$ cat structure-v8.pdb   # PDB, C-alpha atoms
MODEL        1
ATOM      1  CA  MET A   1      52.414 135.394 161.680  1.00  0.00           C
ATOM      2  CA  SER A   2      55.657 136.475 163.310  1.00  0.00           C
ATOM      3  CA  ASN A   3      57.607 139.627 162.505  1.00  0.00           C
ATOM      4  CA  ALA A   4      58.582 140.260 158.884  1.00  0.00           C
ATOM      5  CA  SER A   5      62.232 139.302 159.227  1.00  0.00           C
ATOM      6  CA  SER A   6      61.347 135.817 160.443  1.00  0.00           C
ATOM      7  CA  ILE A   7      58.582 134.965 157.938  1.00  0.00           C
ATOM      8  CA  ARG A   8      59.514 132.104 155.605  1.00  0.00           C
ATOM      9  CA  CYS A   9      57.474 132.157 152.415  1.00  0.00           C
ATOM     10  CA  LEU A  10      57.141 129.323 149.904  1.00  0.00           C
ATOM     11  CA  ILE A  11      55.912 130.346 146.447  1.00  0.00           C
ATOM     12  CA  THR A  12      55.223 128.218 143.381  1.00  0.00           C
ATOM     13  CA  ALA A  13      55.156 129.748 139.916  1.00  0.00           C
ATOM     14  CA  GLY A  14      54.812 128.996 136.231  1.00  0.00           C
ATOM     15  CA  PRO A  15      53.512 125.941 134.392  1.00  0.00           C
ATOM     16  CA  THR A  16      54.440 122.295 134.595  1.00  0.00           C
ATOM     17  CA  ARG A  17      55.087 120.073 131.589  1.00  0.00           C
ATOM     18  CA  GLU A  18      53.878 116.474 131.287  1.00  0.00           C
ATOM     19  CA  PHE A  19      55.765 114.754 128.488  1.00  0.00           C
ATOM     20  CA  ILE A  20      54.268 112.583 125.759  1.00  0.00           C
ATOM     21  CA  ASP A  21      57.726 112.016 124.279  1.00  0.00           C
ATOM     22  CA  PRO A  22      61.004 114.021 124.439  1.00  0.00           C
ATOM     23  CA  VAL A  23      59.667 116.775 122.158  1.00  0.00           C
ATOM     24  CA  ARG A  24      55.933 116.922 122.977  1.00  0.00           C
ATOM     25  CA  PHE A  25      54.183 117.707 126.227  1.00  0.00           C
ATOM     26  CA  ILE A  26      50.918 118.817 127.869  1.00  0.00           C
ATOM     27  CA  SER A  27      51.136 122.247 129.472  1.00  0.00           C
ATOM     28  CA  ASN A  28      49.449 125.667 129.664  1.00  0.00           C
ATOM     29  CA  PRO A  29      50.237 129.329 128.846  1.00  0.00           C
ATOM     30  CA  SER A  30      51.450 130.343 132.341  1.00  0.00           C
ATOM     31  CA  THR A  31      54.628 132.438 132.237  1.00  0.00           C
ATOM     32  CA  GLY A  32      55.311 132.624 135.977  1.00  0.00           C
ATOM     33  CA  LYS A  33      55.141 136.439 136.010  1.00  0.00           C
ATOM     34  CA  MET A  34      52.682 136.614 138.909  1.00  0.00           C
ATOM     35  CA  GLY A  35      54.617 134.186 141.071  1.00  0.00           C
ATOM     36  CA  PHE A  36      57.934 135.908 140.395  1.00  0.00           C
ATOM     37  CA  ALA A  37      56.352 139.310 141.164  1.00  0.00           C
ATOM     38  CA  LEU A  38      55.121 137.909 144.473  1.00  0.00           C
ATOM     39  CA  ALA A  39      58.588 136.562 145.252  1.00  0.00           C
ATOM     40  CA  GLU A  40      60.106 140.002 144.618  1.00  0.00           C
ATOM     41  CA  ALA A  41      57.458 141.706 146.769  1.00  0.00           C
ATOM     42  CA  ALA A  42      57.976 139.199 149.584  1.00  0.00           C
ATOM     43  CA  VAL A  43      61.760 139.704 149.514  1.00  0.00           C
ATOM     44  CA  ASP A  44      61.226 143.476 149.582  1.00  0.00           C
ATOM     45  CA  ALA A  45      58.984 142.972 152.634  1.00  0.00           C
ATOM     46  CA  GLY A  46      61.877 141.294 154.416  1.00  0.00           C
ATOM     47  CA  TRP A  47      60.660 137.710 154.116  1.00  0.00           C
ATOM     48  CA  THR A  48      62.786 134.653 153.400  1.00  0.00           C
ATOM     49  CA  VAL A  49      61.539 133.311 150.077  1.00  0.00           C
ATOM     50  CA  ASP A  50      61.742 129.829 148.545  1.00  0.00           C
ATOM     51  CA  LEU A  51      60.529 129.906 144.929  1.00  0.00           C
ATOM     52  CA  VAL A  52      59.615 126.633 143.201  1.00  0.00           C
ATOM     53  CA  ALA A  53      59.207 127.366 139.507  1.00  0.00           C
ATOM     54  CA  GLY A  54      58.276 125.367 136.454  1.00  0.00           C
ATOM     55  CA  PRO A  55      59.816 126.128 133.031  1.00  0.00           C
ATOM     56  CA  VAL A  56      59.798 129.928 132.632  1.00  0.00           C
ATOM     57  CA  GLY A  57      61.866 132.492 130.788  1.00  0.00           C
ATOM     58  CA  LEU A  58      62.320 134.870 133.718  1.00  0.00           C
ATOM     59  CA  GLU A  59      65.353 136.034 135.681  1.00  0.00           C
ATOM     60  CA  GLU A  60      65.746 134.648 139.174  1.00  0.00           C
ATOM     61  CA  PRO A  61      64.484 137.266 141.668  1.00  0.00           C
ATOM     62  CA  ASP A  62      67.286 138.760 143.764  1.00  0.00           C
ATOM     63  CA  GLY A  63      67.155 137.468 147.322  1.00  0.00           C
ATOM     64  CA  ALA A  64      64.916 134.449 146.635  1.00  0.00           C
ATOM     65  CA  ILE A  65      66.093 130.836 146.572  1.00  0.00           C
ATOM     66  CA  LEU A  66      65.022 129.289 143.266  1.00  0.00           C
ATOM     67  CA  TYR A  67      64.165 125.616 142.870  1.00  0.00           C
ATOM     68  CA  PRO A  68      63.587 124.805 139.156  1.00  0.00           C
ATOM     69  CA  VAL A  69      61.253 121.901 138.355  1.00  0.00           C
ATOM     70  CA  VAL A  70      59.506 120.632 135.231  1.00  0.00           C
ATOM     71  CA  THR A  71      56.703 118.175 135.999  1.00  0.00           C
ATOM     72  CA  ALA A  72      53.871 118.238 138.529  1.00  0.00           C
ATOM     73  CA  GLU A  73      55.478 115.322 140.352  1.00  0.00           C
ATOM     74  CA  GLU A  74      58.760 117.199 140.655  1.00  0.00           C
ATOM     75  CA  MET A  75      56.950 120.302 141.904  1.00  0.00           C
ATOM     76  CA  TYR A  76      55.085 118.257 144.491  1.00  0.00           C
ATOM     77  CA  HIS A  77      58.256 116.682 145.898  1.00  0.00           C
ATOM     78  CA  GLN A  78      59.962 120.077 146.172  1.00  0.00           C
ATOM     79  CA  VAL A  79      56.948 121.726 147.829  1.00  0.00           C
ATOM     80  CA  ASP A  80      56.548 118.726 150.135  1.00  0.00           C
ATOM     81  CA  ALA A  81      60.182 119.074 151.240  1.00  0.00           C
ATOM     82  CA  LEU A  82      59.859 122.814 151.990  1.00  0.00           C
ATOM     83  CA  PHE A  83      56.308 123.043 153.346  1.00  0.00           C
ATOM     84  CA  ASP A  84      56.859 122.141 156.998  1.00  0.00           C
ATOM     85  CA  ALA A  85      59.415 124.929 157.456  1.00  0.00           C
ATOM     86  CA  CYS A  86      57.368 127.668 155.789  1.00  0.00           C
ATOM     87  CA  ASP A  87      54.997 130.124 157.438  1.00  0.00           C
ATOM     88  CA  ILE A  88      53.029 130.868 154.293  1.00  0.00           C
ATOM     89  CA  LEU A  89      52.573 128.935 151.053  1.00  0.00           C
ATOM     90  CA  ILE A  90      51.461 130.943 148.015  1.00  0.00           C
ATOM     91  CA  MET A  91      50.584 128.509 145.233  1.00  0.00           C
ATOM     92  CA  THR A  92      50.489 130.562 142.041  1.00  0.00           C
ATOM     93  CA  ALA A  93      51.754 127.765 139.780  1.00  0.00           C
ATOM     94  CA  ALA A  94      49.469 126.552 137.000  1.00  0.00           C
ATOM     95  CA  VAL A  95      50.056 122.843 137.549  1.00  0.00           C
ATOM     96  CA  SER A  96      48.994 120.600 134.685  1.00  0.00           C
ATOM     97  CA  ASP A  97      45.945 118.616 135.788  1.00  0.00           C
ATOM     98  CA  PHE A  98      46.683 115.643 133.520  1.00  0.00           C
ATOM     99  CA  ARG A  99      49.664 113.652 132.311  1.00  0.00           C
ATOM    100  CA  PRO A 100      49.939 110.858 129.757  1.00  0.00           C
ATOM    101  CA  ILE A 101      49.725 107.416 131.323  1.00  0.00           C
ATOM    102  CA  LYS A 102      52.466 106.331 128.953  1.00  0.00           C
ATOM    103  CA  SER A 103      55.355 108.476 127.791  1.00  0.00           C
ATOM    104  CA  PHE A 104      57.909 107.482 125.185  1.00  0.00           C
ATOM    105  CA  ASP A 105      61.703 107.648 125.360  1.00  0.00           C
ATOM    106  CA  ARG A 106      61.957 108.465 121.667  1.00  0.00           C
ATOM    107  CA  LYS A 107      60.097 110.932 119.477  1.00  0.00           C
ATOM    108  CA  GLN A 108      56.969 109.345 118.037  1.00  0.00           C
ATOM    109  CA  LYS A 109      56.815 109.746 114.271  1.00  0.00           C
ATOM    110  CA  LYS A 110      53.660 111.474 113.111  1.00  0.00           C
ATOM    111  CA  GLU A 111      52.624 108.694 110.764  1.00  0.00           C
ATOM    112  CA  ASP A 112      53.050 106.020 113.459  1.00  0.00           C
ATOM    113  CA  ALA A 113      51.754 107.796 116.555  1.00  0.00           C
ATOM    114  CA  SER A 114      48.334 107.174 118.035  1.00  0.00           C
ATOM    115  CA  LEU A 115      45.897 110.076 117.761  1.00  0.00           C
ATOM    116  CA  THR A 116      44.447 109.190 121.155  1.00  0.00           C
ATOM    117  CA  ILE A 117      46.435 109.910 124.330  1.00  0.00           C
ATOM    118  CA  GLU A 118      45.210 108.267 127.506  1.00  0.00           C
ATOM    119  CA  CYS A 119      45.818 110.472 130.519  1.00  0.00           C
ATOM    120  CA  GLU A 120      45.684 110.308 134.302  1.00  0.00           C
ATOM    121  CA  ARG A 121      45.308 113.070 136.871  1.00  0.00           C
ATOM    122  CA  THR A 122      48.421 114.579 138.399  1.00  0.00           C
ATOM    123  CA  ILE A 123      48.734 114.906 142.167  1.00  0.00           C
ATOM    124  CA  ASP A 124      46.760 117.766 143.737  1.00  0.00           C
ATOM    125  CA  ILE A 125      49.713 119.495 145.376  1.00  0.00           C
ATOM    126  CA  LEU A 126      47.717 122.129 147.228  1.00  0.00           C
ATOM    127  CA  LYS A 127      45.165 119.739 148.715  1.00  0.00           C
ATOM    128  CA  THR A 128      47.826 117.191 149.643  1.00  0.00           C
ATOM    129  CA  VAL A 129      50.025 119.559 151.633  1.00  0.00           C
ATOM    130  CA  THR A 130      47.181 121.451 153.324  1.00  0.00           C
ATOM    131  CA  GLU A 131      45.966 118.169 154.824  1.00  0.00           C
ATOM    132  CA  ARG A 132      48.929 118.379 157.200  1.00  0.00           C
ATOM    133  CA  LYS A 133      49.174 122.132 157.770  1.00  0.00           C
ATOM    134  CA  VAL A 134      49.697 123.161 161.378  1.00  0.00           C
ATOM    135  CA  HIS A 135      50.778 126.794 161.624  1.00  0.00           C
ATOM    136  CA  GLN A 136      50.981 127.636 157.939  1.00  0.00           C
ATOM    137  CA  THR A 137      48.884 130.176 156.099  1.00  0.00           C
ATOM    138  CA  VAL A 138      47.989 128.746 152.682  1.00  0.00           C
ATOM    139  CA  VAL A 139      47.058 130.848 149.650  1.00  0.00           C
ATOM    140  CA  GLY A 140      45.727 129.267 146.477  1.00  0.00           C
ATOM    141  CA  PHE A 141      45.164 130.727 143.022  1.00  0.00           C
ATOM    142  CA  ALA A 142      42.221 129.998 140.737  1.00  0.00           C
ATOM    143  CA  ALA A 143      42.362 130.831 137.032  1.00  0.00           C
ATOM    144  CA  GLU A 144      38.880 130.451 135.563  1.00  0.00           C
ATOM    145  CA  THR A 145      37.160 131.268 132.282  1.00  0.00           C
ATOM    146  CA  ASN A 146      33.700 131.698 133.855  1.00  0.00           C
ATOM    147  CA  ASP A 147      31.888 131.799 137.220  1.00  0.00           C
ATOM    148  CA  VAL A 148      35.163 132.942 138.741  1.00  0.00           C
ATOM    149  CA  GLU A 149      33.963 133.761 142.244  1.00  0.00           C
ATOM    150  CA  SER A 150      31.803 130.642 142.574  1.00  0.00           C
ATOM    151  CA  TYR A 151      34.603 128.260 141.564  1.00  0.00           C
ATOM    152  CA  ALA A 152      37.099 130.127 143.743  1.00  0.00           C
ATOM    153  CA  ARG A 153      34.919 129.792 146.822  1.00  0.00           C
ATOM    154  CA  GLN A 154      34.518 126.058 146.168  1.00  0.00           C
ATOM    155  CA  LYS A 155      38.290 125.677 145.925  1.00  0.00           C
ATOM    156  CA  LEU A 156      38.822 127.766 149.059  1.00  0.00           C
ATOM    157  CA  GLU A 157      36.638 125.411 151.080  1.00  0.00           C
ATOM    158  CA  SER A 158      37.519 122.044 149.536  1.00  0.00           C
ATOM    159  CA  LYS A 159      41.271 122.584 149.877  1.00  0.00           C
ATOM    160  CA  ARG A 160      41.191 124.129 153.372  1.00  0.00           C
ATOM    161  CA  LEU A 161      42.789 127.367 152.225  1.00  0.00           C
ATOM    162  CA  ASP A 162      43.123 130.580 154.199  1.00  0.00           C
ATOM    163  CA  TRP A 163      42.954 132.740 151.075  1.00  0.00           C
ATOM    164  CA  ILE A 164      42.293 132.307 147.397  1.00  0.00           C
ATOM    165  CA  VAL A 165      43.257 134.709 144.634  1.00  0.00           C
ATOM    166  CA  ALA A 166      40.975 134.310 141.622  1.00  0.00           C
ATOM    167  CA  ASN A 167      41.146 135.790 138.174  1.00  0.00           C
ATOM    168  CA  GLU A 168      39.480 135.347 134.821  1.00  0.00           C
ATOM    169  CA  VAL A 169      41.723 134.061 132.045  1.00  0.00           C
ATOM    170  CA  GLY A 170      41.124 134.238 128.324  1.00  0.00           C
ATOM    171  CA  THR A 171      40.369 137.957 128.430  1.00  0.00           C
ATOM    172  CA  SER A 172      42.556 140.568 126.788  1.00  0.00           C
ATOM    173  CA  GLY A 173      45.200 142.238 128.952  1.00  0.00           C
ATOM    174  CA  ALA A 174      44.885 140.020 132.035  1.00  0.00           C
ATOM    175  CA  GLY A 175      45.862 136.609 133.297  1.00  0.00           C
ATOM    176  CA  PHE A 176      48.219 134.279 131.449  1.00  0.00           C
ATOM    177  CA  ALA A 177      51.198 135.900 129.696  1.00  0.00           C
ATOM    178  CA  ALA A 178      49.995 139.470 130.334  1.00  0.00           C
ATOM    179  CA  ASP A 179      51.861 142.050 132.425  1.00  0.00           C
ATOM    180  CA  THR A 180      48.614 143.163 134.055  1.00  0.00           C
ATOM    181  CA  ASN A 181      45.935 141.386 136.020  1.00  0.00           C
ATOM    182  CA  GLU A 182      42.706 141.864 137.938  1.00  0.00           C
ATOM    183  CA  VAL A 183      41.987 139.553 140.855  1.00  0.00           C
ATOM    184  CA  LEU A 184      39.523 138.765 143.600  1.00  0.00           C
ATOM    185  CA  LEU A 185      41.051 138.030 147.002  1.00  0.00           C
ATOM    186  CA  ILE A 186      38.704 135.891 149.087  1.00  0.00           C
ATOM    187  CA  GLY A 187      39.477 134.868 152.666  1.00  0.00           C
ATOM    188  CA  ALA A 188      38.246 131.950 154.723  1.00  0.00           C
ATOM    189  CA  ASP A 189      37.357 134.579 157.335  1.00  0.00           C
ATOM    190  CA  GLY A 190      34.730 136.007 154.967  1.00  0.00           C
ATOM    191  CA  SER A 191      36.845 138.883 153.667  1.00  0.00           C
ATOM    192  CA  PHE A 192      36.597 139.921 150.039  1.00  0.00           C
ATOM    193  CA  LYS A 193      38.656 142.382 148.039  1.00  0.00           C
ATOM    194  CA  GLN A 194      39.004 143.260 144.373  1.00  0.00           C
ATOM    195  CA  ILE A 195      42.507 144.281 143.299  1.00  0.00           C
ATOM    196  CA  GLY A 196      43.295 145.820 139.930  1.00  0.00           C
ATOM    197  CA  PRO A 197      43.285 146.102 137.050  1.00  0.00           C
ATOM    198  CA  ALA A 198      46.941 146.894 137.642  1.00  0.00           C
ATOM    199  CA  SER A 199      50.390 145.598 136.850  1.00  0.00           C
ATOM    200  CA  LYS A 200      51.227 142.198 138.295  1.00  0.00           C
ATOM    201  CA  ASN A 201      53.996 143.859 140.319  1.00  0.00           C
ATOM    202  CA  ALA A 202      51.522 146.270 141.906  1.00  0.00           C
ATOM    203  CA  ILE A 203      49.056 143.461 142.636  1.00  0.00           C
ATOM    204  CA  ALA A 204      51.839 141.383 144.176  1.00  0.00           C
ATOM    205  CA  ILE A 205      52.846 144.217 146.507  1.00  0.00           C
ATOM    206  CA  GLU A 206      49.252 144.659 147.670  1.00  0.00           C
ATOM    207  CA  LEU A 207      48.739 140.929 148.207  1.00  0.00           C
ATOM    208  CA  ILE A 208      51.923 140.598 150.271  1.00  0.00           C
ATOM    209  CA  SER A 209      50.835 143.617 152.322  1.00  0.00           C
ATOM    210  CA  VAL A 210      47.464 141.999 153.077  1.00  0.00           C
ATOM    211  CA  PHE A 211      49.031 138.656 154.030  1.00  0.00           C
ATOM    212  CA  ALA A 212      51.608 140.391 156.251  1.00  0.00           C
ATOM    213  CA  GLN A 213      48.874 142.183 158.204  1.00  0.00           C
ATOM    214  CA  ARG A 214      47.235 138.867 159.046  1.00  0.00           C
TER
ENDMDL
END

$ encode --input "structure-v8.pdb" --output "structure tokens"
Amino acid sequence: MSNASSIRCLITAGPTREFIDPVRFISNPSTGKMGFALAEAAVDAGWTVDLVAGPVGLEEPDGAILYPVVTAEEMYHQVDALFDACDILIMTAAVSDFRPIKSFDRKQKKEDASLTIECERTIDILKTVTERKVHQTVVGFAAETNDVESYARQKLESKRLDWIVANEVGTSGAGFAADTNEVLLIGADGSFKQIGPASKNAIAIELISVFAQR
């Protein structure tokens, strides 16, 4: 990477929502706290930061440019538009893997609605953009409930990532919605580092420091 003042960083954060009808959607518990902490740490490091965020209840980080989105498709188009200009992509967003094949313009009444929802996969944003990476460093995140390191290493290789940050979700005091986390940082160069348990802000500062050194 170039010097800190010229590094352009693209970060995604939070969940996406895939609507069944105007009042119901498929989503996940992500709050965006980790992604926003990384944006703050990157700004503090002197980087230019573009932050693409799904629906979250967080204040816009000072110094970052915020691009609000809702669905996986919207997030993809925004990331696609910003990717070529960035030096590093940090994909912390918890993108919904599925969306209803059919969504309704009006609220479906409970007594009339089908109890079966047919879904299709959403676009794999990370894999799609890394297929055309040239100079970019790409960092993925893996939230797993079991076999965390094994699944993270598979994702690291299959999506051509430079780094992956993996953590176990569903445990008390870490992961989704918590203010603290504990992660494994695994590099394509064979590096391996455990960070935390610590606040998400502290973990973000350490991660940005590691990426800056490389």

$ residues_around --input "structure-v8.pdb" --residues "Glu40 (chain A)" --least-positions-apart "2" --cutoff "10 Å" --atoms "all atoms listed in the file" --output "NGL selection string"
:A and (34-38 or 42-45 or 47 or 49 or 60-64 or 201 or 204-205 or 208)

$ closest_residue --input "structure-v8.pdb" --among "A:Met75, A:Asp189, A:Ala152, A:Ile11" --to "Ala41 (chain A)" --atoms "only C-alpha atoms"
A:Ile11

$ residues_around --input "structure-v8.pdb" --residues "region 20-31 of chain A" --least-positions-apart "4" --cutoff "8 Å" --atoms "all atoms listed in the file" --output "mmCIF file with C-alpha atoms, in the coordinates of the input"
data_model
loop_
_atom_site.group_PDB
_atom_site.id
_atom_site.type_symbol
_atom_site.label_atom_id
_atom_site.label_comp_id
_atom_site.auth_asym_id
_atom_site.auth_seq_id
_atom_site.Cartn_x
_atom_site.Cartn_y
_atom_site.Cartn_z
ATOM 1 C CA GLY A 14 54.812 128.996 136.231
ATOM 2 C CA PRO A 15 53.512 125.941 134.392
ATOM 3 C CA THR A 16 54.440 122.295 134.595
ATOM 4 C CA VAL A 56 59.798 129.928 132.632
ATOM 5 C CA GLY A 57 61.866 132.492 130.788
ATOM 6 C CA ALA A 93 51.754 127.765 139.780
ATOM 7 C CA ALA A 94 49.469 126.552 137.000
ATOM 8 C CA SER A 96 48.994 120.600 134.685
ATOM 9 C CA PHE A 98 46.683 115.643 133.520
ATOM 10 C CA ARG A 99 49.664 113.652 132.311
ATOM 11 C CA PRO A 100 49.939 110.858 129.757
ATOM 12 C CA LYS A 102 52.466 106.331 128.953
ATOM 13 C CA SER A 103 55.355 108.476 127.791
ATOM 14 C CA PHE A 104 57.909 107.482 125.185
ATOM 15 C CA ASP A 105 61.703 107.648 125.360
ATOM 16 C CA ARG A 106 61.957 108.465 121.667
ATOM 17 C CA LYS A 107 60.097 110.932 119.477
ATOM 18 C CA GLN A 108 56.969 109.345 118.037
ATOM 19 C CA PHE A 176 48.219 134.279 131.449
ATOM 20 C CA ALA A 177 51.198 135.900 129.696
#

$ residues_around --input "structure-v8.pdb" --residues "Val79 (chain A)" --least-positions-apart "4" --cutoff "10 Å" --atoms "all atoms listed in the file" --output "PyMOL selection string"
chain A and resi 10-12+50-52+67+73-75+83-84+86+89+91+125-126+129

$ write_last_selection --input "structure-v8.pdb" --atoms "C-alpha atoms" --output "compact mmCIF listing (two decimals), in the coordinates of the input"
# COMPACT_ATOMS: atom_id res chain seq x y z
CA LEU A 10 57.14 129.32 149.90
CA ILE A 11 55.91 130.35 146.45
CA THR A 12 55.22 128.22 143.38
CA ASP A 50 61.74 129.83 148.54
CA LEU A 51 60.53 129.91 144.93
CA VAL A 52 59.62 126.63 143.20
CA TYR A 67 64.17 125.62 142.87
CA GLU A 73 55.48 115.32 140.35
CA GLU A 74 58.76 117.20 140.66
CA MET A 75 56.95 120.30 141.90
CA PHE A 83 56.31 123.04 153.35
CA ASP A 84 56.86 122.14 157.00
CA CYS A 86 57.37 127.67 155.79
CA LEU A 89 52.57 128.94 151.05
CA MET A 91 50.58 128.51 145.23
CA ILE A 125 49.71 119.50 145.38
CA LEU A 126 47.72 122.13 147.23
CA VAL A 129 50.02 119.56 151.63

$ atom_distance --input "structure-v8.pdb" --atom1 "CA of Asn167 (chain A)" --atom2 "CA of Asp124 (chain A)"
19.7 Å

$ resolve_selection --input "structure-v8.pdb" --expression "the PyMOL selection byres ((chain A and resi 179-187) around 6)" --output "PyMOL selection string"
chain A and resi 162-167+174-175+178+188-200

$ resolve_selection --input "structure-v8.pdb" --expression "the PyMOL selection byres ((chain A and resi 158-160) around 8)" --output "ChimeraX atom specification"
/A:126-127,130-131,154-157,161-162

$ resolve_selection --input "structure-v8.pdb" --expression "the PyMOL selection byres ((chain A and resi 168) around 6)" --output "list of chain:residue names"
A:Ala143, A:Glu144, A:Thr145, A:Asn167, A:Val169

$ closest_residue --input "structure-v8.pdb" --among "A:Ile7, A:Thr71, A:Arg214, A:Tyr76" --to "Thr48 (chain A)" --atoms "only C-alpha atoms"
A:Ile7

$ axis_aligned_box --input "structure-v8.pdb" --around "region 191-207 of chain A" --padding-each-side "4 Å" --output "AutoDock Vina command-line options"
--center_x 45.3 --center_y 142.9 --center_z 145.3 --size_x 25.4 --size_y 16.0 --size_z 24.8

$ closest_residue --input "structure-v8.pdb" --among "A:Ile88, A:Glu59, A:Pro68, A:Cys9" --to "Thr137 (chain A)" --atoms "only C-alpha atoms"
A:Ile88

$ atom_distance --input "structure-v8.pdb" --atom1 "CA of Gln136 (chain A)" --atom2 "CA of Ala39 (chain A)"
17.3 Å

$ atom_distance --input "structure-v8.pdb" --atom1 "CA of Asn146 (chain A)" --atom2 "CA of Glu118 (chain A)"
26.9 Å

$ closest_residue --input "structure-v8.pdb" --among "A:Val210, A:Ile90, A:Ala72, A:Leu66" --to "Val138 (chain A)" --atoms "all atoms listed in the file"
A:Ile90

$ closest_residue --input "structure-v8.pdb" --among "A:Asp87, A:Asp97, A:Glu206, A:Asp147" --to "Val134 (chain A)" --atoms "all atoms listed in the file"
A:Asp87
